[in-house]
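Dumped entry_9.cif below, it's mmCIF, C-alpha atoms:
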data_model
loop_
_atom_site.group_PDB
_atom_site.id
_atom_site.type_symbol
_atom_site.label_atom_id
_atom_site.label_comp_id
_atom_site.auth_asym_id
_atom_site.auth_seq_id
_atom_site.Cartn_x
_atom_site.Cartn_y
_atom_site.Cartn_z
ATOM 1 C CA MET C 1 -14.710 4.531 5.170
ATOM 2 C CA SER C 2 -11.562 5.090 7.169
ATOM 3 C CA ALA C 3 -8.722 6.984 5.495
ATOM 4 C CA GLU C 4 -6.385 4.726 7.457
ATOM 5 C CA ILE C 5 -7.629 1.733 5.484
ATOM 6 C CA VAL C 6 -8.389 3.022 1.991
ATOM 7 C CA THR C 7 -8.118 6.317 0.142
ATOM 8 C CA VAL C 8 -10.342 7.031 -2.850
ATOM 9 C CA THR C 9 -9.550 9.795 -5.334
ATOM 10 C CA ARG C 10 -12.319 10.080 -7.895
ATOM 11 C CA GLY C 11 -11.564 10.751 -11.540
ATOM 12 C CA LEU C 12 -13.611 11.566 -14.611
ATOM 13 C CA SER C 13 -12.849 8.629 -16.930
ATOM 14 C CA PRO C 14 -13.817 4.926 -17.169
ATOM 15 C CA LEU C 15 -10.398 3.980 -15.724
ATOM 16 C CA ILE C 16 -9.937 2.808 -12.129
ATOM 17 C CA LEU C 17 -6.463 2.190 -10.726
ATOM 18 C CA SER C 18 -6.651 -0.288 -7.856
ATOM 19 C CA MET C 19 -3.625 -0.342 -5.527
ATOM 20 C CA PRO C 20 -4.152 -2.998 -2.854
ATOM 21 C CA HIS C 21 -0.539 -3.382 -1.693
ATOM 22 C CA PRO C 22 1.308 -0.033 -1.436
ATOM 23 C CA GLY C 23 0.414 0.507 2.210
ATOM 24 C CA THR C 24 2.876 0.173 5.063
ATOM 25 C CA GLY C 25 0.517 0.924 7.947
ATOM 26 C CA VAL C 26 0.052 -1.676 10.675
ATOM 27 C CA PRO C 27 -2.504 -1.221 13.491
ATOM 28 C CA PRO C 28 -0.862 -1.396 16.936
ATOM 29 C CA GLU C 29 -2.615 -4.615 17.942
ATOM 30 C CA VAL C 30 -1.326 -6.297 14.767
ATOM 31 C CA ALA C 31 2.171 -4.830 15.058
ATOM 32 C CA ALA C 32 2.437 -6.377 18.516
ATOM 33 C CA GLN C 33 2.072 -9.823 16.924
ATOM 34 C CA LEU C 34 4.704 -9.346 14.207
ATOM 35 C CA ASN C 35 8.297 -10.453 14.653
ATOM 36 C CA ALA C 36 11.269 -8.286 13.640
ATOM 37 C CA ARG C 37 11.176 -9.529 10.039
ATOM 38 C CA GLY C 38 7.458 -8.928 9.775
ATOM 39 C CA LYS C 39 7.782 -5.347 10.982
ATOM 40 C CA LEU C 40 9.908 -4.584 7.905
ATOM 41 C CA VAL C 41 6.780 -5.066 5.716
ATOM 42 C CA GLU C 42 9.188 -5.914 2.916
ATOM 43 C CA ASP C 43 6.620 -7.338 0.482
ATOM 44 C CA THR C 44 5.065 -3.925 -0.086
ATOM 45 C CA ASP C 45 4.355 -2.732 -3.637
ATOM 46 C CA TRP C 46 6.657 0.231 -3.178
ATOM 47 C CA HIS C 47 5.938 3.763 -4.484
ATOM 48 C CA MET C 48 2.872 2.810 -6.513
ATOM 49 C CA ARG C 49 1.301 6.271 -6.409
ATOM 50 C CA GLN C 50 4.557 7.891 -7.529
ATOM 51 C CA LEU C 51 5.090 5.317 -10.266
ATOM 52 C CA TYR C 52 1.582 5.832 -11.661
ATOM 53 C CA GLY C 53 1.824 9.608 -11.540
ATOM 54 C CA PHE C 54 2.076 9.518 -15.331
ATOM 55 C CA ALA C 55 -1.571 8.384 -15.486
ATOM 56 C CA ALA C 56 -3.020 11.753 -14.436
ATOM 57 C CA PRO C 57 -3.971 12.703 -18.028
ATOM 58 C CA PHE C 58 -6.191 9.601 -18.155
ATOM 59 C CA GLN C 59 -8.205 11.112 -15.263
ATOM 60 C CA PRO C 60 -8.491 7.805 -13.414
ATOM 61 C CA THR C 61 -10.175 6.996 -10.151
ATOM 62 C CA LEU C 62 -7.606 5.773 -7.632
ATOM 63 C CA VAL C 63 -8.458 3.267 -4.904
ATOM 64 C CA GLU C 64 -5.405 2.909 -2.670
ATOM 65 C CA ALA C 65 -4.893 0.747 0.408
ATOM 66 C CA GLN C 66 -3.063 2.264 3.354
ATOM 67 C CA LEU C 67 -2.366 -0.873 5.390
ATOM 68 C CA SER C 68 0.352 -3.443 4.805
ATOM 69 C CA ARG C 69 -0.534 -6.688 3.070
ATOM 70 C CA PHE C 70 0.891 -8.394 6.176
ATOM 71 C CA VAL C 71 -2.215 -7.204 8.038
ATOM 72 C CA ILE C 72 -4.422 -8.885 5.428
ATOM 73 C CA ASP C 73 -3.946 -9.381 1.704
ATOM 74 C CA LEU C 74 -6.649 -7.531 -0.201
ATOM 75 C CA ASN C 75 -5.870 -9.488 -3.371
ATOM 76 C CA ARG C 76 -6.576 -12.952 -1.984
ATOM 77 C CA ASP C 77 -9.823 -14.910 -1.947
ATOM 78 C CA PRO C 78 -11.502 -14.108 1.390
ATOM 79 C CA ALA C 79 -12.570 -17.757 1.579
ATOM 80 C CA GLY C 80 -8.895 -18.697 1.804
ATOM 81 C CA ILE C 81 -8.877 -20.618 -1.500
ATOM 82 C CA SER C 82 -5.506 -20.583 -3.271
ATOM 83 C CA LEU C 83 -5.329 -18.599 -6.494
ATOM 84 C CA TYR C 84 -2.526 -20.817 -7.748
ATOM 85 C CA PRO C 85 -3.214 -24.416 -6.654
ATOM 86 C CA GLY C 86 -0.080 -26.507 -6.413
ATOM 87 C CA GLN C 87 2.228 -23.491 -6.468
ATOM 88 C CA ALA C 88 3.874 -21.603 -3.632
ATOM 89 C CA THR C 89 1.991 -18.475 -2.632
ATOM 90 C CA THR C 90 1.026 -16.466 0.437
ATOM 91 C CA GLU C 91 -2.274 -16.663 2.270
ATOM 92 C CA LEU C 92 -5.108 -14.227 2.968
ATOM 93 C CA VAL C 93 -3.186 -13.340 6.112
ATOM 94 C CA PRO C 94 0.392 -14.199 5.147
ATOM 95 C CA SER C 95 2.310 -16.467 7.486
ATOM 96 C CA THR C 96 5.631 -15.732 5.760
ATOM 97 C CA THR C 97 7.304 -13.306 3.408
ATOM 98 C CA PHE C 98 7.423 -14.210 -0.283
ATOM 99 C CA ASP C 99 10.859 -15.650 0.445
ATOM 100 C CA GLY C 100 9.380 -17.972 3.065
ATOM 101 C CA ALA C 101 10.590 -16.213 6.224
ATOM 102 C CA PRO C 102 8.100 -16.335 9.154
ATOM 103 C CA ILE C 103 6.655 -12.913 10.043
ATOM 104 C CA TRP C 104 4.721 -13.543 13.286
ATOM 105 C CA GLN C 105 5.658 -13.859 16.934
ATOM 106 C CA THR C 106 2.076 -14.953 17.551
ATOM 107 C CA ALA C 107 0.321 -16.275 14.467
ATOM 108 C CA PRO C 108 -3.251 -14.980 14.070
ATOM 109 C CA ASP C 109 -5.911 -17.614 14.758
ATOM 110 C CA ALA C 110 -9.168 -18.111 12.860
ATOM 111 C CA ASN C 111 -11.044 -15.592 14.988
ATOM 112 C CA GLU C 112 -8.387 -12.951 14.438
ATOM 113 C CA ILE C 113 -8.434 -13.554 10.691
ATOM 114 C CA GLU C 114 -12.211 -13.111 10.663
ATOM 115 C CA ARG C 115 -11.827 -9.878 12.635
ATOM 116 C CA ARG C 116 -9.330 -8.547 10.114
ATOM 117 C CA LYS C 117 -11.574 -9.488 7.217
ATOM 118 C CA ALA C 118 -14.370 -7.397 8.689
ATOM 119 C CA ALA C 119 -12.167 -4.527 9.872
ATOM 120 C CA TYR C 120 -9.661 -4.186 7.029
ATOM 121 C CA PHE C 121 -10.508 -6.381 4.013
ATOM 122 C CA GLN C 122 -14.151 -5.450 3.625
ATOM 123 C CA PRO C 123 -13.748 -1.649 3.693
ATOM 124 C CA TYR C 124 -11.335 -1.729 0.760
ATOM 125 C CA HIS C 125 -13.622 -3.912 -1.300
ATOM 126 C CA THR C 126 -16.711 -1.950 -0.356
ATOM 127 C CA ALA C 127 -14.944 1.170 -1.638
ATOM 128 C CA LEU C 128 -13.679 -0.512 -4.799
ATOM 129 C CA ALA C 129 -17.057 -2.051 -5.636
ATOM 130 C CA ALA C 130 -18.751 1.303 -5.104
ATOM 131 C CA GLU C 131 -16.342 3.038 -7.473
ATOM 132 C CA ILE C 132 -16.796 0.360 -10.134
ATOM 133 C CA ALA C 133 -20.571 0.790 -9.881
ATOM 134 C CA ARG C 134 -20.262 4.595 -10.045
ATOM 135 C CA VAL C 135 -17.903 4.569 -13.030
ATOM 136 C CA LYS C 136 -20.060 2.049 -14.862
ATOM 137 C CA ALA C 137 -23.168 4.138 -14.184
ATOM 138 C CA GLU C 138 -21.449 7.262 -15.538
ATOM 139 C CA HIS C 139 -19.730 5.756 -18.577
ATOM 140 C CA GLY C 140 -21.548 2.500 -19.286
ATOM 141 C CA TYR C 141 -18.395 0.462 -18.685
ATOM 142 C CA CYS C 142 -15.283 0.338 -16.516
ATOM 143 C CA VAL C 143 -11.638 -0.573 -17.091
ATOM 144 C CA LEU C 144 -10.096 -1.753 -13.824
ATOM 145 C CA TRP C 145 -6.290 -1.744 -13.816
ATOM 146 C CA ASP C 146 -4.875 -3.543 -10.773
ATOM 147 C CA CYS C 147 -1.414 -2.190 -9.935
ATOM 148 C CA HIS C 148 1.286 -4.431 -8.430
ATOM 149 C CA SER C 149 5.042 -4.859 -8.113
ATOM 150 C CA ILE C 150 7.336 -7.533 -6.705
ATOM 151 C CA LYS C 151 11.003 -8.428 -6.402
ATOM 152 C CA SER C 152 12.444 -9.749 -9.648
ATOM 153 C CA VAL C 153 14.072 -12.796 -8.049
ATOM 154 C CA ILE C 154 12.077 -14.951 -5.621
ATOM 155 C CA PRO C 155 13.102 -18.616 -6.029
ATOM 156 C CA ARG C 156 10.222 -19.796 -3.826
ATOM 157 C CA LEU C 157 7.662 -18.320 -6.238
ATOM 158 C CA PHE C 158 9.258 -18.573 -9.687
ATOM 159 C CA GLU C 159 12.404 -19.669 -11.491
ATOM 160 C CA GLY C 160 15.000 -17.227 -12.716
ATOM 161 C CA THR C 161 14.321 -13.525 -13.137
ATOM 162 C CA LEU C 162 10.782 -12.210 -13.527
ATOM 163 C CA PRO C 163 10.045 -10.206 -16.699
ATOM 164 C CA THR C 164 9.610 -6.485 -16.137
ATOM 165 C CA LEU C 165 5.972 -6.485 -17.291
ATOM 166 C CA ASN C 166 3.572 -9.257 -16.283
ATOM 167 C CA LEU C 167 0.078 -8.685 -17.631
ATOM 168 C CA GLY C 168 -2.718 -10.824 -16.202
ATOM 169 C CA THR C 169 -6.273 -11.256 -17.454
ATOM 170 C CA ASN C 170 -7.063 -14.583 -15.784
ATOM 171 C CA SER C 171 -6.161 -16.208 -19.112
ATOM 172 C CA GLY C 172 -8.545 -13.979 -21.029
ATOM 173 C CA GLN C 173 -11.529 -14.298 -18.711
ATOM 174 C CA SER C 174 -11.413 -10.957 -16.880
ATOM 175 C CA CYS C 175 -11.723 -8.588 -19.851
ATOM 176 C CA ALA C 176 -12.977 -8.558 -23.414
ATOM 177 C CA GLY C 177 -10.709 -10.281 -25.923
ATOM 178 C CA SER C 178 -10.234 -7.092 -27.934
ATOM 179 C CA ILE C 179 -9.033 -5.229 -24.855
ATOM 180 C CA GLU C 180 -6.604 -7.982 -23.917
ATOM 181 C CA ALA C 181 -5.301 -8.107 -27.509
ATOM 182 C CA ALA C 182 -4.787 -4.348 -27.609
ATOM 183 C CA ALA C 183 -2.904 -4.373 -24.308
ATOM 184 C CA VAL C 184 -0.728 -7.312 -25.374
ATOM 185 C CA THR C 185 0.065 -5.693 -28.721
ATOM 186 C CA ALA C 186 0.989 -2.403 -27.079
ATOM 187 C CA MET C 187 3.120 -4.241 -24.534
ATOM 188 C CA ALA C 188 4.926 -6.117 -27.319
ATOM 189 C CA GLY C 189 5.999 -2.765 -28.756
ATOM 190 C CA GLN C 190 7.862 -1.814 -25.565
ATOM 191 C CA PRO C 191 11.620 -2.403 -25.093
ATOM 192 C CA LEU C 192 11.061 -4.266 -21.826
ATOM 193 C CA THR C 193 10.889 -7.954 -20.955
ATOM 194 C CA GLN C 194 7.293 -9.078 -20.759
ATOM 195 C CA ILE C 195 4.748 -11.857 -20.599
ATOM 196 C CA ALA C 196 0.962 -12.137 -20.560
ATOM 197 C CA ASN C 197 -0.721 -14.644 -18.228
ATOM 198 C CA GLY C 198 2.547 -16.166 -17.121
ATOM 199 C CA ARG C 199 3.340 -16.775 -13.451
ATOM 200 C CA PHE C 200 0.921 -14.007 -12.484
ATOM 201 C CA LYS C 201 -2.445 -14.311 -14.220
ATOM 202 C CA GLY C 202 -4.304 -11.899 -11.984
ATOM 203 C CA GLY C 203 -5.215 -12.097 -8.314
ATOM 204 C CA TRP C 204 -8.585 -12.143 -6.617
ATOM 205 C CA ILE C 205 -9.367 -8.542 -7.579
ATOM 206 C CA THR C 206 -8.920 -9.228 -11.286
ATOM 207 C CA ARG C 207 -10.802 -12.510 -11.110
ATOM 208 C CA HIS C 208 -13.618 -11.289 -8.876
ATOM 209 C CA TYR C 209 -14.390 -7.937 -10.479
ATOM 210 C CA GLY C 210 -13.495 -8.697 -14.083
ATOM 211 C CA ARG C 211 -16.874 -9.396 -15.687
ATOM 212 C CA PRO C 212 -16.644 -8.468 -19.355
ATOM 213 C CA ALA C 213 -20.232 -9.585 -20.037
ATOM 214 C CA GLU C 214 -21.268 -6.877 -17.539
ATOM 215 C CA ARG C 215 -18.880 -4.335 -19.102
ATOM 216 C CA VAL C 216 -16.332 -4.410 -16.293
ATOM 217 C CA HIS C 217 -12.920 -5.207 -17.767
ATOM 218 C CA ALA C 218 -10.123 -6.029 -15.322
ATOM 219 C CA LEU C 219 -6.401 -6.338 -16.025
ATOM 220 C CA GLN C 220 -3.545 -6.825 -13.575
ATOM 221 C CA MET C 221 -0.045 -5.527 -14.142
ATOM 222 C CA GLU C 222 2.696 -7.030 -11.977
ATOM 223 C CA ILE C 223 5.965 -5.130 -12.359
ATOM 224 C CA ALA C 224 9.467 -6.184 -11.365
ATOM 225 C CA LEU C 225 10.736 -3.762 -8.718
ATOM 226 C CA SER C 226 14.113 -3.696 -10.461
ATOM 227 C CA ALA C 227 12.482 -1.649 -13.240
ATOM 228 C CA TYR C 228 11.960 1.427 -11.079
ATOM 229 C CA LEU C 229 13.870 1.090 -7.790
ATOM 230 C CA SER C 230 17.560 1.685 -7.177
ATOM 231 C CA GLU C 231 17.651 -1.539 -5.178
ATOM 232 C CA GLU C 232 15.234 -4.350 -4.309
ATOM 233 C CA THR C 233 16.031 -4.072 -0.616
ATOM 234 C CA ALA C 234 15.572 -1.373 2.016
ATOM 235 C CA PRO C 235 15.421 1.586 1.688
ATOM 236 C CA TRP C 236 13.502 0.766 -1.533
ATOM 237 C CA THR C 237 14.569 3.996 -3.278
ATOM 238 C CA PHE C 238 12.503 5.225 -6.224
ATOM 239 C CA ASP C 239 14.758 5.746 -9.259
ATOM 240 C CA ALA C 240 13.078 8.355 -11.444
ATOM 241 C CA PRO C 241 15.391 8.051 -14.497
ATOM 242 C CA LYS C 242 15.021 4.277 -14.476
ATOM 243 C CA ALA C 243 11.261 4.530 -13.963
ATOM 244 C CA ALA C 244 10.791 6.835 -16.964
ATOM 245 C CA ALA C 245 11.017 4.046 -19.546
ATOM 246 C CA LEU C 246 8.623 1.937 -17.515
ATOM 247 C CA GLN C 247 6.147 4.793 -17.213
ATOM 248 C CA THR C 248 6.246 5.378 -20.967
ATOM 249 C CA ALA C 249 5.499 1.703 -21.538
ATOM 250 C CA LEU C 250 2.675 1.570 -19.007
ATOM 251 C CA SER C 251 1.105 4.698 -20.466
ATOM 252 C CA ALA C 252 1.074 3.149 -23.937
ATOM 253 C CA ILE C 253 -0.448 -0.100 -22.696
ATOM 254 C CA ILE C 254 -3.155 1.585 -20.646
ATOM 255 C CA ALA C 255 -3.982 3.930 -23.533
ATOM 256 C CA ALA C 256 -4.361 0.957 -25.855
ATOM 257 C CA ALA C 257 -6.644 -0.840 -23.415
ATOM 258 C CA LEU C 258 -8.788 2.273 -22.965
ATOM 259 C CA ASP C 259 -9.031 2.855 -26.715
ATOM 260 C CA ALA C 260 -10.079 -0.748 -27.264
ATOM 261 C CA ALA C 261 -12.694 -0.484 -24.531
ATOM 262 C CA LYS C 262 -14.094 2.710 -26.066
ATOM 263 C CA THR C 263 -14.230 1.087 -29.511
ATOM 264 C CA LEU C 264 -15.993 -1.943 -28.077
ATOM 265 C CA GLU C 265 -18.592 0.198 -26.363
ATOM 266 C CA ARG C 266 -19.235 2.203 -29.524
ATOM 267 C CA SER C 267 -19.859 -1.034 -31.412
ATOM 268 C CA ARG C 268 -22.468 -2.011 -28.853
ATOM 269 C CA SER C 269 -24.377 1.262 -28.981
#

Do you think you could lay out the structure here as structure tokens?
Amino acid sequence: MSAEIVTVTRGLSPLILSMPHPGTGVPPEVAAQLNARGKLVEDTDWHMRQLYGFAAPFQPTLVEAQLSRFVIDLNRDPAGISLYPGQATTELVPSTTFDGAPIWQTAPDANEIERRKAAYFQPYHTALAAEIARVKAEHGYCVLWDCHSIKSVIPRLFEGTLPTLNLGTNSGQSCAGSIEAAAVTAMAGQPLTQIANGRFKGGWITRHYGRPAERVHALQMEIALSAYLSEETAPWTFDAPKAAALQTALSAIIAAALDAAKTLERSRS
């Protein structure tokens, strides 16, 4: 696999942290097609690795994309099917920002989209699938935590201000019920605004890989950028004091999910 597309850092636990959108890299041939707005790659999930630095004691495996979601969105259905029918969203290869601003001088055609799927989408998912298989083989099960963040106010996508914590389990289908319940209970104990399976129920990664009957439990956490950045515009500055409360909350929620998964596996043995 190319380090320019995906970086894998193997851990020792059943936990995998998937980060499909922190990358800002754009291959030259793609950059040449972007307009000035597109070259800002503003819809990045900023500072994900730094934010999740607290998770080191969990000894997770980290699968991290290096390219911008404007190149191709690794959390969309590769068949181009909308994850949220009837609601505004962005495509496999986005045509606009979340706010609806066009990002291309020359929009990619069907052939170009297919090329990007093979060159950039598939390597990430090959790596992620391989790590899920490895972790499951080593531990008997896997907890996949899909890491995301987004601006807290995007009228095109949702009304008002997004809660800080947005947990998604594809409405309970992507993980065991006991794991979802543990995560929701732990989240409820945090002094942050929150919702489970609200506007963001989990993207393609959560829905595709979450197979609780096969002992792969997937949860998505979408976080409002306002919870850990100084501003939700460039230069997208990480605010460590502000992030501390968020990191404490995320640690508690992940720990609860992992404990529930371990308990479930013990009951099966």

Using the chain letters and residue numbers of this document, give as a PDB file with C-alpha atoms, keeping the file's coordinate frame the residues selected by the PyMOL selection byres ((chain C and resi 248-256) around 9).
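Below is the file selection-v7.pdb, written as the result:
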ATOM      1  CA  TYR C  52       1.582   5.832 -11.661  1.00  0.00           C
ATOM      2  CA  PHE C  54       2.076   9.518 -15.331  1.00  0.00           C
ATOM      3  CA  ALA C  55      -1.571   8.384 -15.486  1.00  0.00           C
ATOM      4  CA  PHE C  58      -6.191   9.601 -18.155  1.00  0.00           C
ATOM      5  CA  TRP C 145      -6.290  -1.744 -13.816  1.00  0.00           C
ATOM      6  CA  LEU C 165       5.972  -6.485 -17.291  1.00  0.00           C
ATOM      7  CA  ILE C 179      -9.033  -5.229 -24.855  1.00  0.00           C
ATOM      8  CA  ALA C 182      -4.787  -4.348 -27.609  1.00  0.00           C
ATOM      9  CA  ALA C 183      -2.904  -4.373 -24.308  1.00  0.00           C
ATOM     10  CA  VAL C 184      -0.728  -7.312 -25.374  1.00  0.00           C
ATOM     11  CA  THR C 185       0.065  -5.693 -28.721  1.00  0.00           C
ATOM     12  CA  ALA C 186       0.989  -2.403 -27.079  1.00  0.00           C
ATOM     13  CA  MET C 187       3.120  -4.241 -24.534  1.00  0.00           C
ATOM     14  CA  GLY C 189       5.999  -2.765 -28.756  1.00  0.00           C
ATOM     15  CA  GLN C 190       7.862  -1.814 -25.565  1.00  0.00           C
ATOM     16  CA  PRO C 191      11.620  -2.403 -25.093  1.00  0.00           C
ATOM     17  CA  LEU C 192      11.061  -4.266 -21.826  1.00  0.00           C
ATOM     18  CA  ALA C 243      11.261   4.530 -13.963  1.00  0.00           C
ATOM     19  CA  ALA C 244      10.791   6.835 -16.964  1.00  0.00           C
ATOM     20  CA  ALA C 245      11.017   4.046 -19.546  1.00  0.00           C
ATOM     21  CA  LEU C 246       8.623   1.937 -17.515  1.00  0.00           C
ATOM     22  CA  GLN C 247       6.147   4.793 -17.213  1.00  0.00           C
ATOM     23  CA  ALA C 257      -6.644  -0.840 -23.415  1.00  0.00           C
ATOM     24  CA  LEU C 258      -8.788   2.273 -22.965  1.00  0.00           C
ATOM     25  CA  ASP C 259      -9.031   2.855 -26.715  1.00  0.00           C
ATOM     26  CA  ALA C 260     -10.079  -0.748 -27.264  1.00  0.00           C
ATOM     27  CA  ALA C 261     -12.694  -0.484 -24.531  1.00  0.00           C
TER      28      ALA C 261
END

Hey, which of C:Ile5, C:Leu229, C:Val30, C:Leu62 ends up closest to C:Lys151? Count all atoms listed in the file.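 Of C:Ile5, C:Leu229, C:Val30, C:Leu62, the one nearest C:Lys151 is C:Leu229, counting all atoms listed in the file.
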
Exercise: C:Val41 partners within 8 Å, only C-alpha atoms, chain neighbours under 3 positions left out, as a PyMOL selection string: chain C and resi 24+37-38+44+68-70

Could you write those residues out with C-alpha atoms, as an mmCIF file, in the coordinates of the input?
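File written: out_7.cif
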data_model
loop_
_atom_site.group_PDB
_atom_site.id
_atom_site.type_symbol
_atom_site.label_atom_id
_atom_site.label_comp_id
_atom_site.auth_asym_id
_atom_site.auth_seq_id
_atom_site.Cartn_x
_atom_site.Cartn_y
_atom_site.Cartn_z
ATOM 1 C CA THR C 24 2.876 0.173 5.063
ATOM 2 C CA ARG C 37 11.176 -9.529 10.039
ATOM 3 C CA GLY C 38 7.458 -8.928 9.775
ATOM 4 C CA THR C 44 5.065 -3.925 -0.086
ATOM 5 C CA SER C 68 0.352 -3.443 4.805
ATOM 6 C CA ARG C 69 -0.534 -6.688 3.070
ATOM 7 C CA PHE C 70 0.891 -8.394 6.176
#

On this structure, the PyMOL selection byres ((chain C and resi 49) around 12) would catch which residues? List them as a PyMOL selection string, sorted by chain and number. chain C and resi 7+9+17-23+45-48+50-56+62-66+147-149+238+247

Let me have the centre and edge lengths of the axis-aligned box enclosing all listed atoms of stretch 197-207 of chain C with 5 Å padding on every side, in Å to one decimal, as JSON.
{"center_x": -3.7, "center_y": -12.7, "center_z": -12.4, "size_x": 24.1, "size_y": 18.2, "size_z": 21.6}

By how many Å are atom CA of C:Arg76 and atom CA of C:Cys175 apart? 19.1 Å

So which one's closest to C:Ser171, C:Ala218, C:Leu144, C:Ala213, C:Leu264? Using only C-alpha atoms, please.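 For C:Ser171, the nearest of the candidates is C:Ala218.
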
What is the atom CA of C:Gly80 to atom CA of C:Thr126 distance in Å?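 Rounded to one decimal, the two atoms are 18.6 Å apart.
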
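Minimum atom-to-atom distance to C:Lys136, evaluated using all atoms listed in the file, belongs to C:Val216 out of C:Val71, C:Ala224, C:Leu40, C:Val216.
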
Take the PyMOL selection byres ((chain C and resi 172-174) around 8), apply it to the structure above, and return the hits as a ChimeraX atom specification. /C:169-171,175-177,180,206-207,209-212,217-219

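Put simply, atom CA of C:Ala227 is 11.8 Å away from atom CA of C:Gln194.
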
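Take the candidates C:Phe121, C:Trp104, C:Tyr84, C:Tyr141 and check each one against C:Gly202 using all atoms listed in the file; the shortest distance goes to C:Tyr84.
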
If we count all atoms listed in the file, what is near C:His125 at a cut-off of 10 Å, once residues fewer than 3 positions away on the same chain are taken out, given as a list in words? Val6, Pro20, Val63, Leu74, Asn75, Tyr120, Phe121, Gln122, Leu128, Ala129, Ala130, Glu131 and Ile205 of chain C

Which of C:Asp43, C:Glu4, C:Gly25, C:Pro94 sits closest to C:Tyr124 [using all atoms listed in the file]: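 Looking only at the distances to C:Tyr124, the closest residue turns out to be C:Glu4.
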
Just the residues within 8 Å of C:Lys201, please, counting all atoms listed in the file, with nothing from its chain fewer than 2 positions along; format it as a ChimeraX atom specification. /C:167-171,196-199,203,220

C:Val153 proximity check over C:Ala188, C:Leu225, C:Val26, C:Ala234, using all atoms listed in the file: winner is C:Leu225

Take stretch 20-33 of chain C, model N, CA and C atoms, and hand the result over as a PDB file, keeping the file's coordinate frame.
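Generated output (part-v4.pdb):
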ATOM      1  N   PRO C  20      -3.872  -2.327  -4.125  1.00  0.00           N
ATOM      2  CA  PRO C  20      -4.152  -2.998  -2.854  1.00  0.00           C
ATOM      3  C   PRO C  20      -2.945  -3.211  -1.950  1.00  0.00           C
ATOM      4  N   HIS C  21      -1.715  -2.996  -2.474  1.00  0.00           N
ATOM      5  CA  HIS C  21      -0.539  -3.382  -1.693  1.00  0.00           C
ATOM      6  C   HIS C  21       0.528  -2.306  -1.481  1.00  0.00           C
ATOM      7  N   PRO C  22       0.243  -1.015  -1.678  1.00  0.00           N
ATOM      8  CA  PRO C  22       1.308  -0.033  -1.436  1.00  0.00           C
ATOM      9  C   PRO C  22       1.418   0.407   0.014  1.00  0.00           C
ATOM     10  N   GLY C  23       0.456   0.026   0.837  1.00  0.00           N
ATOM     11  CA  GLY C  23       0.414   0.507   2.210  1.00  0.00           C
ATOM     12  C   GLY C  23       1.476  -0.115   3.102  1.00  0.00           C
ATOM     13  N   THR C  24       1.914   0.665   4.071  1.00  0.00           N
ATOM     14  CA  THR C  24       2.876   0.173   5.063  1.00  0.00           C
ATOM     15  C   THR C  24       2.326   0.284   6.488  1.00  0.00           C
ATOM     16  N   GLY C  25       1.101   0.772   6.627  1.00  0.00           N
ATOM     17  CA  GLY C  25       0.517   0.924   7.947  1.00  0.00           C
ATOM     18  C   GLY C  25       0.187  -0.413   8.593  1.00  0.00           C
ATOM     19  N   VAL C  26       0.386  -0.475   9.902  1.00  0.00           N
ATOM     20  CA  VAL C  26       0.052  -1.676  10.675  1.00  0.00           C
ATOM     21  C   VAL C  26      -0.600  -1.226  11.979  1.00  0.00           C
ATOM     22  N   PRO C  27      -1.859  -1.594  12.229  1.00  0.00           N
ATOM     23  CA  PRO C  27      -2.504  -1.221  13.491  1.00  0.00           C
ATOM     24  C   PRO C  27      -1.703  -1.743  14.686  1.00  0.00           C
ATOM     25  N   PRO C  28      -1.695  -1.014  15.788  1.00  0.00           N
ATOM     26  CA  PRO C  28      -0.862  -1.396  16.936  1.00  0.00           C
ATOM     27  C   PRO C  28      -1.092  -2.826  17.414  1.00  0.00           C
ATOM     28  N   GLU C  29      -2.345  -3.272  17.441  1.00  0.00           N
ATOM     29  CA  GLU C  29      -2.615  -4.615  17.942  1.00  0.00           C
ATOM     30  C   GLU C  29      -2.065  -5.688  17.018  1.00  0.00           C
ATOM     31  N   VAL C  30      -1.920  -5.360  15.721  1.00  0.00           N
ATOM     32  CA  VAL C  30      -1.326  -6.297  14.767  1.00  0.00           C
ATOM     33  C   VAL C  30       0.197  -6.213  14.848  1.00  0.00           C
ATOM     34  N   ALA C  31       0.721  -5.006  14.954  1.00  0.00           N
ATOM     35  CA  ALA C  31       2.171  -4.830  15.058  1.00  0.00           C
ATOM     36  C   ALA C  31       2.746  -5.589  16.244  1.00  0.00           C
ATOM     37  N   ALA C  32       1.975  -5.669  17.327  1.00  0.00           N
ATOM     38  CA  ALA C  32       2.437  -6.377  18.516  1.00  0.00           C
ATOM     39  C   ALA C  32       2.623  -7.864  18.270  1.00  0.00           C
ATOM     40  N   GLN C  33       1.976  -8.398  17.228  1.00  0.00           N
ATOM     41  CA  GLN C  33       2.072  -9.823  16.924  1.00  0.00           C
ATOM     42  C   GLN C  33       3.185 -10.145  15.926  1.00  0.00           C
TER      43      GLN C  33
END
